[in-house]
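Coordinates as given in structure-v3.tsv (TSV, C-alpha atoms):
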chain	number	residue	atom	x	y	z
A	798	MET	CA	93.79	77.28	104.49
A	799	LEU	CA	93.60	80.93	103.42
A	800	ALA	CA	96.52	82.48	101.60
A	801	SER	CA	97.42	86.11	101.79
A	802	VAL	CA	96.55	87.93	98.58
A	803	PRO	CA	98.83	90.80	97.60
A	804	VAL	CA	97.33	94.22	96.98
A	805	TRP	CA	97.70	95.07	93.30
A	806	ALA	CA	96.46	98.65	93.49
A	807	ASP	CA	99.07	101.32	92.99
A	808	PRO	CA	99.40	104.87	91.72
A	809	ALA	CA	98.57	103.67	88.20
A	810	LEU	CA	95.10	102.47	89.25
A	811	ALA	CA	94.54	105.66	91.24
A	812	THR	CA	95.55	107.69	88.19
A	813	GLU	CA	93.37	105.62	85.85
A	814	LYS	CA	90.35	106.15	88.11
A	815	LYS	CA	91.02	109.92	88.33
A	816	CYS	CA	91.81	109.81	92.08
A	817	MET	CA	95.16	111.53	91.53
A	818	THR	CA	93.33	114.55	90.13
A	819	CYS	CA	92.63	115.63	93.71
A	820	HIS	CA	95.06	113.51	95.79
A	821	ALA	CA	98.81	112.93	95.86
A	822	ILE	CA	100.74	110.26	97.71
A	823	ASP	CA	102.77	112.46	100.03
A	824	LYS	CA	101.47	116.02	99.83
A	825	LYS	CA	98.16	117.78	100.19
A	826	SER	CA	96.53	118.70	96.90
A	827	VAL	CA	92.83	119.48	96.59
A	828	GLY	CA	92.30	116.67	99.06
A	829	PRO	CA	94.55	115.16	101.72
A	830	SER	CA	97.62	113.14	100.79
A	831	TYR	CA	97.19	109.39	100.79
A	832	LYS	CA	99.85	109.17	103.51
A	833	ASP	CA	97.78	111.54	105.69
A	834	VAL	CA	94.72	109.35	105.14
A	835	ALA	CA	96.73	106.24	106.06
A	836	ALA	CA	98.08	107.90	109.22
A	837	LYS	CA	94.65	109.12	110.32
A	838	TYR	CA	93.06	105.68	110.01
A	839	ALA	CA	96.04	103.50	111.04
A	840	GLY	CA	95.08	100.60	113.27
A	841	ARG	CA	91.34	101.24	113.13
A	842	ALA	CA	89.25	98.14	112.53
A	843	GLY	CA	87.14	97.97	109.38
A	844	MET	CA	88.77	100.97	107.72
A	845	THR	CA	89.39	99.23	104.39
A	846	ASP	CA	85.66	98.74	103.92
A	847	LYS	CA	84.81	102.24	105.18
A	848	LEU	CA	87.41	103.89	102.96
A	849	ALA	CA	86.30	101.82	99.96
A	850	ALA	CA	82.75	103.04	100.52
A	851	LYS	CA	83.98	106.65	100.60
A	852	ILE	CA	85.97	106.13	97.41
A	853	MET	CA	82.85	104.98	95.60
A	854	GLY	CA	80.22	107.11	97.30
A	855	GLY	CA	82.10	110.26	98.30
A	856	GLY	CA	82.19	111.86	101.70
A	857	SER	CA	82.81	115.00	103.69
A	858	GLY	CA	84.00	116.25	107.02
A	859	SER	CA	86.90	113.87	107.61
A	860	PHE	CA	89.56	116.31	106.41
A	861	GLY	CA	87.80	119.66	106.51
A	862	ALA	CA	84.85	121.30	104.85
A	863	LEU	CA	85.60	120.29	101.25
A	864	SER	CA	83.66	117.20	100.21
A	865	MET	CA	84.90	114.38	98.02
A	866	PRO	CA	82.51	113.52	95.19
A	867	ALA	CA	81.43	109.98	94.43
A	868	ASN	CA	83.57	108.16	91.88
A	869	PRO	CA	81.29	106.09	89.63
A	870	GLN	CA	84.33	104.91	87.63
A	871	VAL	CA	85.45	102.71	90.54
A	872	ASN	CA	83.82	99.32	91.05
A	873	PRO	CA	83.69	97.64	94.49
A	874	ALA	CA	86.74	95.41	93.87
A	875	GLU	CA	88.81	98.37	92.69
A	876	ALA	CA	87.68	100.45	95.67
A	877	GLN	CA	88.80	97.69	98.03
A	878	LYS	CA	92.20	97.51	96.31
A	879	LEU	CA	92.64	101.26	96.38
A	880	ALA	CA	91.62	101.48	100.04
A	881	ALA	CA	94.01	98.68	101.05
A	882	TRP	CA	96.84	100.32	99.09
A	883	ILE	CA	96.19	103.75	100.63
A	884	LEU	CA	96.07	102.31	104.14
A	885	SER	CA	99.36	100.46	103.52
A	886	LEU	CA	101.28	103.69	102.90
A	887	LYS	CA	103.68	104.88	105.60

Now that the file is in, can you turn its structure into structure tokens?
Amino acid sequence: MLASVPVWADPALATEKKCMTCHAIDKKSVGPSYKDVAAKYAGRAGMTDKLAAKIMGGGSGSFGALSMPANPQVNPAEAQKLAAWILSLK
């Protein structure tokens, strides 16, 4: 039987990994707010994995012309936690 595992990512992990340099929880900064990201991808299958890949590898075009650089400080497990936390925001 599989048990549900709580998400332990939070603003502290995002701050530690320098994500909060360009993002805020509830307002646009350099990049979109985490709540805007969560709203855009709400209910879409596979988004935790896709967002985790963007956290690690960077991306562009989803929220305008400005691109997000890759974040080599984030390992795959941390990226998954951060993505799940971001997508949980309302």

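Residue nearest Lys815 in chain A within the list A:Leu863, A:Ile852, A:Ala874, A:Ala835: A:Ile852 [criterion: smallest interatomic distance, only C-alpha atoms].
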
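CA of Lys814 in chain A lies 26.2 Å from CA of Gly840 in chain A.
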
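Using only C-alpha atoms, the protein and nucleic acid residues lying no more than 12 Å from Ala862 in chain A, apart from those fewer than 3 places from it along its own chain, are A:Val827, A:Gly828, A:Pro829, A:Gly856, A:Ser857, A:Gly858, A:Ser859, A:Met865.
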
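For the residues A:Pro873, A:Ala849, A:Ala881, A:Asn868, ranking by smallest atom-to-atom distance to Glu813 in chain A using only C-alpha atoms places A:Asn868 first.
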
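Here the question is which of A:Lys878, A:Lys824, A:Lys851, A:Arg841 gets nearest to Pro866 in chain A using all atoms listed in the file, and that residue is A:Lys851.
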
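Taking CA of Ala842 in chain A as the reference point, CA of Pro869 in chain A is found at 25.5 Å.
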
Practice prompt. Skip Leu886 in chain A itself and residues of its chain fewer than 2 positions away, then list as an MDAnalysis selection string all residues within 6 Å of it, counting only C-alpha atoms.
Written response: chainID A and resid 832 883:884

Worksheet item: What is the distance, in Å and to one decimal place, between CA of Ala809 in chain A and CA of Val871 in chain A?
Response: 13.4 Å

Worksheet entry | Nearest candidate to Leu848 in chain A (options A:Ile822, A:Val834, A:Met817, A:Ala880; using all atoms listed in the file) | A:Ala880

Worksheet item: With all atoms listed in the file as the atoms that count, which of A:Asp833, A:Asp823, A:Ala811, A:Thr818 lies nearest to Gln877 in chain A?
Response: A:Ala811

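Nearest to Gln870 in chain A of all the residues A:Ser830, A:Gly854, A:Ala839, A:Trp882 is A:Gly854, based on only C-alpha atoms.
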